[in-house]
$ cat upload.pdb   # PDB, C-alpha atoms
MODEL        1
ATOM      1  CA  MET A 137     -63.168 -44.973  -8.303
ATOM      2  CA  ILE A 138     -60.963 -46.544 -10.978
ATOM      3  CA  ALA A 139     -57.222 -46.017 -10.452
ATOM      4  CA  MET A 140     -55.249 -44.451 -13.332
ATOM      5  CA  ASP A 141     -52.987 -46.822 -15.235
ATOM      6  CA  PRO A 142     -49.424 -46.418 -13.804
ATOM      7  CA  ILE A 143     -47.937 -46.054 -17.293
ATOM      8  CA  GLN A 144     -50.455 -43.338 -18.191
ATOM      9  CA  ALA A 145     -49.670 -41.498 -14.954
ATOM     10  CA  ALA A 146     -45.947 -41.643 -15.631
ATOM     11  CA  LEU A 147     -46.386 -40.379 -19.190
ATOM     12  CA  LYS A 148     -48.545 -37.528 -17.933
ATOM     13  CA  ASN A 149     -45.839 -36.517 -15.424
ATOM     14  CA  VAL A 150     -43.179 -36.626 -18.136
ATOM     15  CA  ALA A 151     -45.316 -34.491 -20.429
ATOM     16  CA  SER A 152     -45.953 -32.037 -17.592
ATOM     17  CA  ASN A 153     -42.242 -31.820 -16.731
ATOM     18  CA  ASN A 154     -41.297 -31.381 -20.371
ATOM     19  CA  SER A 155     -43.821 -28.606 -20.682
ATOM     20  CA  ARG A 156     -42.361 -26.788 -17.661
ATOM     21  CA  LEU A 157     -38.784 -27.269 -18.945
ATOM     22  CA  THR A 158     -39.773 -25.969 -22.365
ATOM     23  CA  ALA A 159     -41.378 -22.904 -20.805
ATOM     24  CA  LEU A 160     -38.304 -22.320 -18.645
ATOM     25  CA  TYR A 161     -36.006 -22.704 -21.643
ATOM     26  CA  ASP A 162     -38.079 -20.281 -23.715
ATOM     27  CA  GLU A 163     -38.073 -17.761 -20.856
ATOM     28  CA  THR A 164     -34.288 -18.084 -20.475
ATOM     29  CA  LEU A 165     -33.758 -17.689 -24.219
ATOM     30  CA  GLN A 166     -35.890 -14.545 -24.324
ATOM     31  CA  THR A 167     -34.017 -13.117 -21.319
ATOM     32  CA  VAL A 168     -30.723 -13.687 -23.120
ATOM     33  CA  LEU A 169     -31.897 -12.374 -26.498
ATOM     34  CA  ASN A 170     -33.411  -9.216 -24.976
ATOM     35  CA  TYR A 171     -30.391  -8.334 -22.817
ATOM     36  CA  ASP A 172     -28.691  -5.179 -24.103
ATOM     37  CA  GLU A 173     -25.145  -6.513 -23.734
ATOM     38  CA  ILE A 174     -26.054  -9.658 -25.670
ATOM     39  CA  LYS A 175     -27.616  -7.525 -28.410
ATOM     40  CA  ARG A 176     -24.396  -5.481 -28.565
ATOM     41  CA  PHE A 177     -22.342  -8.673 -28.688
ATOM     42  CA  GLN A 178     -24.495  -9.936 -31.566
ATOM     43  CA  ALA A 179     -24.071  -6.675 -33.465
ATOM     44  CA  GLU A 180     -20.286  -6.923 -33.074
ATOM     45  CA  ASN A 181     -20.332 -10.563 -34.204
ATOM     46  CA  PRO A 182     -22.680 -11.056 -37.211
ATOM     47  CA  GLN A 183     -21.786 -14.754 -37.312
ATOM     48  CA  LEU A 184     -23.557 -15.184 -33.957
ATOM     49  CA  THR A 185     -26.784 -16.811 -35.121
ATOM     50  CA  THR A 186     -29.799 -17.670 -32.999
ATOM     51  CA  GLU A 187     -28.872 -21.335 -33.318
ATOM     52  CA  LEU A 188     -25.407 -20.623 -31.951
ATOM     53  CA  ILE A 189     -26.979 -18.679 -29.095
ATOM     54  CA  LYS A 190     -29.258 -21.620 -28.325
ATOM     55  CA  HIS A 191     -26.262 -23.941 -28.355
ATOM     56  CA  ASN A 192     -24.469 -21.688 -25.806
ATOM     57  CA  ILE A 193     -27.523 -20.686 -23.787
ATOM     58  CA  THR A 194     -26.034 -21.833 -20.473
ATOM     59  CA  LYS A 195     -22.916 -19.679 -20.829
ATOM     60  CA  LEU A 196     -24.867 -16.701 -22.071
ATOM     61  CA  TYR A 197     -27.320 -16.920 -19.189
ATOM     62  CA  GLU A 198     -24.359 -17.046 -16.774
ATOM     63  CA  PHE A 199     -23.097 -13.851 -18.409
ATOM     64  CA  VAL A 200     -26.478 -12.139 -18.036
ATOM     65  CA  THR A 201     -26.889 -13.009 -14.349
ATOM     66  CA  GLU A 202     -23.279 -12.096 -13.453
ATOM     67  CA  HIS A 203     -23.375  -8.883 -15.498
ATOM     68  CA  GLN A 204     -26.576  -7.815 -13.728
ATOM     69  CA  LYS A 205     -24.897  -8.393 -10.366
ATOM     70  CA  TYR A 206     -21.902  -6.336 -11.518
ATOM     71  CA  GLN A 207     -24.180  -3.517 -12.703
ATOM     72  CA  ASN A 208     -26.105  -3.563  -9.409
ATOM     73  CA  LYS A 209     -22.878  -3.722  -7.346
ATOM     74  CA  GLU A 210     -23.927  -7.056  -5.874
ATOM     75  CA  ARG A 211     -21.555  -9.862  -4.918
ATOM     76  CA  GLY A 212     -21.023 -12.076  -7.948
ATOM     77  CA  LEU A 213     -19.378 -15.377  -8.717
ATOM     78  CA  LEU A 214     -15.919 -13.746  -8.638
ATOM     79  CA  PRO A 215     -15.995 -10.576  -6.486
ATOM     80  CA  GLY A 216     -13.926  -7.791  -7.998
ATOM     81  CA  TYR A 217     -14.277  -9.121 -11.545
ATOM     82  CA  ARG A 218     -16.754  -8.307 -14.323
ATOM     83  CA  PRO A 219     -17.918 -10.820 -16.967
ATOM     84  CA  GLU A 220     -16.965 -10.396 -20.609
ATOM     85  CA  LEU A 221     -17.953 -12.385 -23.705
ATOM     86  CA  SER A 222     -15.688 -13.707 -26.435
ATOM     87  CA  LEU A 223     -16.372 -15.724 -29.587
ATOM     88  CA  ASN A 224     -13.694 -18.006 -31.018
ATOM     89  CA  ASN A 225     -14.321 -20.567 -33.762
ATOM     90  CA  GLY A 226     -18.017 -20.723 -32.994
ATOM     91  CA  ILE A 227     -17.460 -21.177 -29.256
ATOM     92  CA  ILE A 228     -18.730 -18.538 -26.836
ATOM     93  CA  GLU A 229     -16.712 -18.067 -23.648
ATOM     94  CA  VAL A 230     -17.428 -16.062 -20.508
ATOM     95  CA  ARG A 231     -14.240 -14.509 -19.153
ATOM     96  CA  TYR A 232     -13.790 -12.436 -16.030
ATOM     97  CA  ALA A 233     -11.722  -9.254 -16.019
ATOM     98  CA  ALA A 234     -10.646  -7.296 -12.955
ATOM     99  CA  THR A 235     -12.778  -4.215 -12.351
ATOM    100  CA  PRO A 236     -11.150  -0.765 -12.211
ATOM    101  CA  GLU A 237     -11.938  -0.695  -8.477
ATOM    102  CA  LYS A 238     -10.120  -3.990  -7.916
ATOM    103  CA  ILE A 239      -7.152  -2.870  -9.994
ATOM    104  CA  ARG A 240      -6.895   0.323  -7.923
ATOM    105  CA  ALA A 241      -7.288  -1.627  -4.668
ATOM    106  CA  ASP A 242      -4.596  -4.117  -5.712
ATOM    107  CA  ARG A 243      -2.237  -1.321  -6.697
ATOM    108  CA  GLU A 244      -2.851   0.446  -3.383
ATOM    109  CA  ARG A 245      -2.248  -2.785  -1.472
ATOM    110  CA  GLU A 246       1.033  -3.337  -3.322
ATOM    111  CA  ARG A 247       2.023   0.290  -2.780
ATOM    112  CA  ARG A 248       1.379   0.033   0.950
ATOM    113  CA  LYS A 249       3.599  -3.031   1.128
ATOM    114  CA  ARG A 250       6.472  -0.757   0.136
ATOM    115  CA  ILE A 251       6.183   1.114   3.444
ATOM    116  CA  ARG A 252       7.168  -0.905   6.492
ATOM    117  CA  SER A 253       6.145   0.714   9.752
ATOM    118  CA  LEU A 254       7.421   0.201  13.249
ATOM    119  CA  HIS A 255       5.115   2.022  15.680
ATOM    120  CA  MET A 256       4.228   4.871  13.296
ATOM    121  CA  PRO A 257       0.728   6.405  13.588
ATOM    122  CA  LYS A 258      -1.798   5.812  10.809
ATOM    123  CA  GLN A 259      -2.022   9.523   9.995
ATOM    124  CA  ILE A 260       1.671   9.593   9.088
ATOM    125  CA  LEU A 261       1.461   6.379   7.055
ATOM    126  CA  ASN A 262      -1.379   7.968   5.053
ATOM    127  CA  ALA A 263       0.442  11.275   4.549
ATOM    128  CA  SER A 264       0.211  12.684   1.040
ATOM    129  CA  MET A 265       1.371  15.704  -0.898
ATOM    130  CA  GLU A 266      -2.293  16.523  -1.607
ATOM    131  CA  ASN A 267      -2.931  16.982   2.135
ATOM    132  CA  PHE A 268       0.408  18.587   2.925
ATOM    133  CA  GLU A 269      -0.124  22.034   4.481
ATOM    134  CA  THR A 270       1.228  24.770   2.199
ATOM    135  CA  ASP A 271       0.165  27.848   4.155
ATOM    136  CA  THR A 272       3.675  29.329   4.282
ATOM    137  CA  ALA A 273       6.323  29.981   1.641
ATOM    138  CA  GLN A 274       8.700  27.664   3.508
ATOM    139  CA  ARG A 275       6.281  24.751   3.319
ATOM    140  CA  VAL A 276       5.604  25.342  -0.394
ATOM    141  CA  GLU A 277       9.354  25.338  -1.008
ATOM    142  CA  LEU A 278       9.713  22.163   1.054
ATOM    143  CA  LEU A 279       6.973  20.357  -0.873
ATOM    144  CA  ASN A 280       8.510  21.384  -4.199
ATOM    145  CA  ALA A 281      11.880  20.045  -3.045
ATOM    146  CA  MET A 282      10.389  16.605  -2.407
ATOM    147  CA  PHE A 283       9.875  15.883  -6.112
ATOM    148  CA  PRO A 284      13.547  16.061  -7.206
ATOM    149  CA  LEU A 285      14.551  14.289  -3.975
ATOM    150  CA  VAL A 286      12.243  11.327  -4.675
ATOM    151  CA  ARG A 287      13.337  11.227  -8.302
ATOM    152  CA  ALA A 288      17.016  11.253  -7.257
ATOM    153  CA  ILE A 289      16.488   8.332  -4.855
ATOM    154  CA  LYS A 290      14.574   6.343  -7.475
ATOM    155  CA  ASP A 291      17.254   6.885 -10.131
ATOM    156  CA  ALA A 292      20.251   6.810  -7.782
ATOM    157  CA  GLY A 293      21.732   3.427  -8.653
ATOM    158  CA  ASP A 294      25.099   3.440  -6.869
ATOM    159  CA  THR A 295      25.042   7.219  -6.344
ATOM    160  CA  MET A 296      24.754   8.515  -2.787
ATOM    161  CA  VAL A 297      21.616  10.580  -2.121
ATOM    162  CA  GLN A 298      21.457  12.489   1.144
ATOM    163  CA  GLY A 299      18.273  12.284   3.133
ATOM    164  CA  TRP A 300      16.815  15.043   5.296
ATOM    165  CA  PHE A 301      17.185  15.790   8.982
ATOM    166  CA  VAL A 302      13.909  17.652   9.568
ATOM    167  CA  TYR A 303      13.938  19.558  12.847
ATOM    168  CA  GLY A 304      11.762  22.127  14.551
ATOM    169  CA  SER A 305       9.417  22.701  17.432
ATOM    170  CA  TYR A 306       6.598  20.386  18.478
ATOM    171  CA  GLY A 307       3.685  19.901  16.074
ATOM    172  CA  THR A 308       5.066  21.636  12.988
ATOM    173  CA  GLY A 309       4.565  18.510  10.861
ATOM    174  CA  LYS A 310       8.054  16.992  10.760
ATOM    175  CA  SER A 311       6.760  13.418  10.856
ATOM    176  CA  TYR A 312       4.213  14.285   8.168
ATOM    177  CA  VAL A 313       7.053  15.407   5.919
ATOM    178  CA  LEU A 314       8.677  11.984   6.279
ATOM    179  CA  GLY A 315       5.362  10.221   5.687
ATOM    180  CA  THR A 316       4.720  12.251   2.547
ATOM    181  CA  ILE A 317       8.146  11.396   1.147
ATOM    182  CA  ALA A 318       7.666   7.709   2.046
ATOM    183  CA  ASN A 319       4.381   7.593   0.117
ATOM    184  CA  MET A 320       5.885   9.417  -2.848
ATOM    185  CA  LEU A 321       8.697   6.848  -2.860
ATOM    186  CA  ALA A 322       6.150   4.019  -2.661
ATOM    187  CA  ASP A 323       4.424   5.446  -5.737
ATOM    188  CA  ASN A 324       7.799   5.096  -7.457
ATOM    189  CA  ASP A 325       8.330   1.477  -6.345
ATOM    190  CA  VAL A 326      10.882   2.354  -3.654
ATOM    191  CA  GLU A 327      10.630   0.579  -0.294
ATOM    192  CA  THR A 328      10.868   2.538   2.956
ATOM    193  CA  THR A 329      10.980   1.559   6.624
ATOM    194  CA  MET A 330       9.587   4.154   9.031
ATOM    195  CA  ILE A 331      10.551   3.801  12.691
ATOM    196  CA  TYR A 332       9.271   5.743  15.677
ATOM    197  CA  VAL A 333      12.559   5.830  17.573
ATOM    198  CA  PRO A 334      11.375   6.067  21.232
ATOM    199  CA  GLU A 335       9.152   2.987  20.930
ATOM    200  CA  PHE A 336      11.729   1.160  18.814
ATOM    201  CA  MET A 337      14.377   1.609  21.510
ATOM    202  CA  ARG A 338      11.985   0.294  24.162
ATOM    203  CA  GLU A 339      11.292  -2.697  21.964
ATOM    204  CA  ILE A 340      15.010  -3.280  21.452
ATOM    205  CA  LYS A 341      15.600  -3.413  25.199
ATOM    206  CA  GLN A 342      12.819  -5.991  25.575
ATOM    207  CA  ALA A 343      14.195  -7.980  22.639
ATOM    208  CA  ILE A 344      17.298  -8.803  24.651
ATOM    209  CA  ASN A 345      15.243 -11.458  26.457
ATOM    210  CA  ASP A 346      14.387 -13.396  23.280
ATOM    211  CA  ASN A 347      17.636 -12.711  21.429
ATOM    212  CA  SER A 348      15.873 -10.861  18.591
ATOM    213  CA  VAL A 349      17.867  -7.619  18.816
ATOM    214  CA  GLY A 350      20.011  -8.480  15.814
ATOM    215  CA  GLU A 351      17.000  -9.181  13.615
ATOM    216  CA  LYS A 352      15.326  -5.861  14.459
ATOM    217  CA  VAL A 353      18.537  -3.879  13.964
ATOM    218  CA  GLN A 354      19.178  -5.648  10.654
ATOM    219  CA  ILE A 355      15.847  -4.437   9.272
ATOM    220  CA  ALA A 356      16.811  -0.832   9.994
ATOM    221  CA  LYS A 357      20.282  -1.340   8.570
ATOM    222  CA  GLU A 358      19.344  -2.866   5.246
ATOM    223  CA  THR A 359      16.055  -1.252   4.221
ATOM    224  CA  PRO A 360      16.435   0.699   0.946
ATOM    225  CA  VAL A 361      15.242   3.902   2.642
ATOM    226  CA  LEU A 362      15.159   4.410   6.417
ATOM    227  CA  MET A 363      13.226   7.092   8.298
ATOM    228  CA  LEU A 364      13.935   7.566  12.003
ATOM    229  CA  ASP A 365      11.123   9.619  13.484
ATOM    230  CA  ASP A 366      11.527  11.700  16.661
ATOM    231  CA  ILE A 367      15.180  10.943  17.303
ATOM    232  CA  GLY A 368      16.271  12.541  20.576
ATOM    233  CA  ALA A 369      12.972  11.790  22.318
ATOM    234  CA  GLU A 370      13.976   8.245  23.284
ATOM    235  CA  SER A 371      15.199   7.127  26.686
ATOM    236  CA  LEU A 372      18.873   6.873  25.822
ATOM    237  CA  THR A 373      21.487   4.523  27.222
ATOM    238  CA  SER A 374      25.096   4.093  26.167
ATOM    239  CA  TRP A 375      24.213   0.677  24.770
ATOM    240  CA  THR A 376      21.253   1.789  22.635
ATOM    241  CA  ARG A 377      23.240   4.792  21.412
ATOM    242  CA  ASP A 378      26.397   2.866  20.470
ATOM    243  CA  GLU A 379      25.255  -0.676  19.703
ATOM    244  CA  VAL A 380      21.876   0.088  18.153
ATOM    245  CA  LEU A 381      21.724   3.622  16.742
ATOM    246  CA  GLY A 382      25.464   3.758  16.066
ATOM    247  CA  ALA A 383      25.494   0.354  14.358
ATOM    248  CA  ILE A 384      22.520   1.249  12.143
ATOM    249  CA  LEU A 385      23.997   4.580  11.072
ATOM    250  CA  GLN A 386      27.469   3.125  10.516
ATOM    251  CA  TYR A 387      26.104   0.478   8.165
ATOM    252  CA  ARG A 388      23.980   2.957   6.227
ATOM    253  CA  MET A 389      26.883   5.385   5.947
ATOM    254  CA  GLN A 390      29.146   2.648   4.579
ATOM    255  CA  GLU A 391      26.508   1.454   2.116
ATOM    256  CA  GLU A 392      25.442   5.053   1.308
ATOM    257  CA  LEU A 393      21.764   4.279   1.835
ATOM    258  CA  PRO A 394      19.201   7.145   1.961
ATOM    259  CA  THR A 395      18.334   7.940   5.572
ATOM    260  CA  PHE A 396      15.898  10.491   6.989
ATOM    261  CA  PHE A 397      15.345  11.846  10.494
ATOM    262  CA  SER A 398      12.888  14.026  12.331
ATOM    263  CA  SER A 399      13.656  15.660  15.665
ATOM    264  CA  ASN A 400      12.691  18.469  17.996
ATOM    265  CA  MET A 401      16.424  19.167  18.273
ATOM    266  CA  ASP A 402      18.867  20.717  15.833
ATOM    267  CA  PHE A 403      22.318  19.180  15.290
ATOM    268  CA  LYS A 404      23.918  21.055  18.180
ATOM    269  CA  GLN A 405      21.168  20.155  20.649
ATOM    270  CA  LEU A 406      21.128  16.524  19.543
ATOM    271  CA  GLN A 407      24.883  16.192  19.956
ATOM    272  CA  LYS A 408      24.619  17.509  23.508
ATOM    273  CA  TYR A 409      21.821  15.048  24.195
ATOM    274  CA  LEU A 410      23.855  12.151  22.809
ATOM    275  CA  MET A 411      26.810  13.002  25.068
ATOM    276  CA  VAL A 412      25.065  12.020  28.277
ATOM    277  CA  ASN A 413      24.849   8.339  29.137
ATOM    278  CA  ASN A 414      22.491   6.653  31.590
ATOM    279  CA  ARG A 415      24.960   7.275  34.424
ATOM    280  CA  GLY A 416      25.004  11.019  33.775
ATOM    281  CA  ASP A 417      28.560  11.004  32.408
ATOM    282  CA  GLU A 418      29.482  12.993  29.308
ATOM    283  CA  GLU A 419      30.863  10.964  26.415
ATOM    284  CA  THR A 420      31.863  13.599  23.906
ATOM    285  CA  MET A 421      33.718  11.384  21.443
ATOM    286  CA  LYS A 422      30.929   8.838  21.128
ATOM    287  CA  ALA A 423      28.322  11.544  20.607
ATOM    288  CA  THR A 424      30.533  13.219  18.015
ATOM    289  CA  ARG A 425      30.916   9.935  16.162
ATOM    290  CA  ILE A 426      27.122   9.499  15.967
ATOM    291  CA  MET A 427      26.643  13.068  14.751
ATOM    292  CA  GLU A 428      29.282  12.631  12.047
ATOM    293  CA  ARG A 429      27.256   9.757  10.646
ATOM    294  CA  ILE A 430      24.029  11.754  10.781
ATOM    295  CA  ARG A 431      25.639  14.740   9.035
ATOM    296  CA  PHE A 432      26.969  12.440   6.335
ATOM    297  CA  LEU A 433      23.579  10.812   5.767
ATOM    298  CA  ALA A 434      21.248  13.815   5.938
ATOM    299  CA  GLN A 435      21.144  17.547   5.368
ATOM    300  CA  PRO A 436      19.418  19.669   8.046
ATOM    301  CA  ILE A 437      16.006  21.082   7.104
ATOM    302  CA  GLU A 438      14.351  23.392   9.627
ATOM    303  CA  LEU A 439      10.556  23.302   9.741
ATOM    304  CA  SER A 440       9.160  26.268  11.636
ATOM    305  CA  GLY A 441       5.638  27.555  12.008
ATOM    306  CA  LYS A 442       2.529  26.947  14.054
ATOM    307  CA  ASN A 443       1.578  23.810  15.935
ATOM    308  CA  TYR A 444      -0.755  21.918  13.560
ATOM    309  CA  ARG A 445      -1.831  19.553  16.327
ATOM    310  CA  GLN A 446      -3.687  22.261  18.223
TER
ENDMDL
END
$ encode --input "upload.pdb" --output "structure tokens"
Amino acid sequence: MIAMDPIQAALKNVASNNSRLTALYDETLQTVLNYDEIKRFQAENPQLTTELIKHNITKLYEFVTEHQKYQNKERGLLPGYRPELSLNNGIIEVRYAATPEKIRADRERERRKRIRSLHMPKQILNASMENFETDTAQRVELLNAMFPLVRAIKDAGDTMVQGWFVYGSYGTGKSYVLGTIANMLADNDVETTMIYVPEFMREIKQAINDNSVGEKVQIAKETPVLMLDDIGAESLTSWTRDEVLGAILQYRMQEELPTFFSSNMDFKQLQKYLMVNNRGDEETMKATRIMERIRFLAQPIELSGKNYRQ
């Protein structure tokens, strides 16, 4: 058997490879030319000749493959972005624009950043006016009152806006009221800190060991809007009442910062609760001082009705 000349073999391989490349190129070109979005792009740009398409075949094929992935909801080169074509001075470019889903997700992420939570349940953080129970006239009136309240806080400037002290029996949705207002404020670019008071006070006591009490109290003092959930349910001591709660309320009263509360107690019951220290002694003046700050910061709103947790 006579061996093939090495040069002839090499030339045959080159010819074979060229033939495959030509076939692949022709297939790619036909894929691009037959793609509906490319046809639409051509119709919008009459100057887009076949020669120009051939010159930009790589970019156009990238567009086709990425657009197909976008249409099929598959992961593409840039997740959350869809490809778009542009033609400038005879140069075709593939640009990537954020999808409506990504824009909504980004907006929601930014909105959620405007609500800082300390030990608040997820249900309250997700509270919305759409899901707010309006099965009584009182609750309809309460929901309607939220709109001017949120608008007043947003537009307040240096004007004092009173928050709400929402009180009532267990399970009537007091915390949900605060959560709804917090989310409405977030939609209006207003930051809120929501604090579940019983757990916050336990955390404060533990923070004495690492000297972080001041930092935690400062957050509650300075946040644009503060919501203290379930005040009166905490394990109270003279120190947490005077040096923590009292200091927070004093600062917010001086700075006239919007402050909200929820409680199972009305003003009279809460004042009686605040009188008693951890030794069982009554401290009327100190309790009165706390209540004066609360009355200054928030108007009482009773929320009656059934227990929605049952």
$ resolve_selection --input "upload.pdb" --expression "the PyMOL selection byres ((chain A and resi 255) around 12)" --output "number ranges by chain"
A: 252-254, 256-261, 329-339, 364-366
$ atom_distance --input "upload.pdb" --atom1 "atom CA of A:Asp323" --atom2 "atom CA of A:Phe301"
22.1 Å
$ residues_around --input "upload.pdb" --residues "A:Arg250" --least-positions-apart "4" --cutoff "12 Å" --atoms "all atoms listed in the file" --output "list in words"
Arg243, Glu244, Arg245, Glu246, Leu261, Ala318, Asn319, Met320, Leu321, Ala322, Asp323, Asn324, Asp325, Val326, Glu327, Thr328, Thr329, Met330, Thr359, Pro360, Val361 and Leu362 of chain A
$ write_last_selection --input "upload.pdb" --atoms "C-alpha atoms" --output "PDB file, keeping the file's coordinate frame"
ATOM      1  CA  ARG A 243      -2.237  -1.321  -6.697  1.00  0.00           C
ATOM      2  CA  GLU A 244      -2.851   0.446  -3.383  1.00  0.00           C
ATOM      3  CA  ARG A 245      -2.248  -2.785  -1.472  1.00  0.00           C
ATOM      4  CA  GLU A 246       1.033  -3.337  -3.322  1.00  0.00           C
ATOM      5  CA  LEU A 261       1.461   6.379   7.055  1.00  0.00           C
ATOM      6  CA  ALA A 318       7.666   7.709   2.046  1.00  0.00           C
ATOM      7  CA  ASN A 319       4.381   7.593   0.117  1.00  0.00           C
ATOM      8  CA  MET A 320       5.885   9.417  -2.848  1.00  0.00           C
ATOM      9  CA  LEU A 321       8.697   6.848  -2.860  1.00  0.00           C
ATOM     10  CA  ALA A 322       6.150   4.019  -2.661  1.00  0.00           C
ATOM     11  CA  ASP A 323       4.424   5.446  -5.737  1.00  0.00           C
ATOM     12  CA  ASN A 324       7.799   5.096  -7.457  1.00  0.00           C
ATOM     13  CA  ASP A 325       8.330   1.477  -6.345  1.00  0.00           C
ATOM     14  CA  VAL A 326      10.882   2.354  -3.654  1.00  0.00           C
ATOM     15  CA  GLU A 327      10.630   0.579  -0.294  1.00  0.00           C
ATOM     16  CA  THR A 328      10.868   2.538   2.956  1.00  0.00           C
ATOM     17  CA  THR A 329      10.980   1.559   6.624  1.00  0.00           C
ATOM     18  CA  MET A 330       9.587   4.154   9.031  1.00  0.00           C
ATOM     19  CA  THR A 359      16.055  -1.252   4.221  1.00  0.00           C
ATOM     20  CA  PRO A 360      16.435   0.699   0.946  1.00  0.00           C
ATOM     21  CA  VAL A 361      15.242   3.902   2.642  1.00  0.00           C
ATOM     22  CA  LEU A 362      15.159   4.410   6.417  1.00  0.00           C
TER      23      LEU A 362
END
$ atom_distance --input "upload.pdb" --atom1 "atom CA of A:Gly226" --atom2 "atom CA of A:Thr167"
21.2 Å
$ axis_aligned_box --input "upload.pdb" --around "stretch 275-284 of chain A" --padding-each-side "3 Å" --output "JSON"
{"center_x": 9.6, "center_y": 20.6, "center_z": -1.9, "size_x": 13.9, "size_y": 15.5, "size_z": 16.5}
$ residues_near_point --input "upload.pdb" --point "(26.4, 5.6, 18.5)" --cutoff "12 Å" --atoms "all atoms listed in the file" --output "PyMOL selection string"
chain A and resi 372-387+407+409-413+419-430
$ closest_residue --input "upload.pdb" --among "A:Asn170, A:Gln207, A:Asn262, A:Thr164" --to "A:Asn192" --atoms "only C-alpha atoms"
A:Thr164
$ residues_around --input "upload.pdb" --residues "A:Gln178" --least-positions-apart "3" --cutoff "12 Å" --atoms "all atoms listed in the file" --output "mmCIF file with C-alpha atoms, in the coordinates of the input"
data_model
loop_
_atom_site.group_PDB
_atom_site.id
_atom_site.type_symbol
_atom_site.label_atom_id
_atom_site.label_comp_id
_atom_site.auth_asym_id
_atom_site.auth_seq_id
_atom_site.Cartn_x
_atom_site.Cartn_y
_atom_site.Cartn_z
ATOM 1 C CA VAL A 168 -30.723 -13.687 -23.120
ATOM 2 C CA LEU A 169 -31.897 -12.374 -26.498
ATOM 3 C CA ASN A 170 -33.411 -9.216 -24.976
ATOM 4 C CA TYR A 171 -30.391 -8.334 -22.817
ATOM 5 C CA ASP A 172 -28.691 -5.179 -24.103
ATOM 6 C CA GLU A 173 -25.145 -6.513 -23.734
ATOM 7 C CA ILE A 174 -26.054 -9.658 -25.670
ATOM 8 C CA LYS A 175 -27.616 -7.525 -28.410
ATOM 9 C CA ASN A 181 -20.332 -10.563 -34.204
ATOM 10 C CA PRO A 182 -22.680 -11.056 -37.211
ATOM 11 C CA GLN A 183 -21.786 -14.754 -37.312
ATOM 12 C CA LEU A 184 -23.557 -15.184 -33.957
ATOM 13 C CA THR A 185 -26.784 -16.811 -35.121
ATOM 14 C CA THR A 186 -29.799 -17.670 -32.999
ATOM 15 C CA LEU A 188 -25.407 -20.623 -31.951
ATOM 16 C CA ILE A 189 -26.979 -18.679 -29.095
ATOM 17 C CA LEU A 196 -24.867 -16.701 -22.071
ATOM 18 C CA LEU A 221 -17.953 -12.385 -23.705
ATOM 19 C CA SER A 222 -15.688 -13.707 -26.435
ATOM 20 C CA LEU A 223 -16.372 -15.724 -29.587
ATOM 21 C CA ILE A 228 -18.730 -18.538 -26.836
#
$ resolve_selection --input "upload.pdb" --expression "the PyMOL selection byres ((chain A and resi 276-282) around 12)" --output "number ranges by chain"
A: 264-275, 283-289, 299-300, 302, 309-310, 312-321, 437-440
$ atom_distance --input "upload.pdb" --atom1 "atom CA of A:Glu358" --atom2 "atom CA of A:Ile344"
20.4 Å
$ closest_residue --input "upload.pdb" --among "A:Leu393, A:Met363, A:Leu406, A:Val200" --to "A:Ile251" --atoms "all atoms listed in the file"
A:Met363
$ resolve_selection --input "upload.pdb" --expression "the PyMOL selection byres ((chain A and resi 401) around 8)" --output "MDAnalysis selection string"
chainID A and resid 303:305 368 399:400 402:406
$ write_last_selection --input "upload.pdb" --atoms "C-alpha atoms" --output "short mmCIF file (atom, residue, chain, number, x, y, z; two decimals), keeping the file's coordinate frame"
data_model
loop_
_atom_site.label_atom_id
_atom_site.label_comp_id
_atom_site.auth_asym_id
_atom_site.auth_seq_id
_atom_site.Cartn_x
_atom_site.Cartn_y
_atom_site.Cartn_z
CA TYR A 303 13.94 19.56 12.85
CA GLY A 304 11.76 22.13 14.55
CA SER A 305 9.42 22.70 17.43
CA GLY A 368 16.27 12.54 20.58
CA SER A 399 13.66 15.66 15.66
CA ASN A 400 12.69 18.47 18.00
CA ASP A 402 18.87 20.72 15.83
CA PHE A 403 22.32 19.18 15.29
CA LYS A 404 23.92 21.06 18.18
CA GLN A 405 21.17 20.16 20.65
CA LEU A 406 21.13 16.52 19.54
#
$ closest_residue --input "upload.pdb" --among "A:Val353, A:Leu213, A:Leu165, A:Ala241" --to "A:His191" --atoms "all atoms listed in the file"
A:Leu165
$ closest_residue --input "upload.pdb" --among "A:Ala263, A:Asn345, A:Thr235, A:Ile340" --to "A:Glu370" --atoms "all atoms listed in the file"
A:Ile340
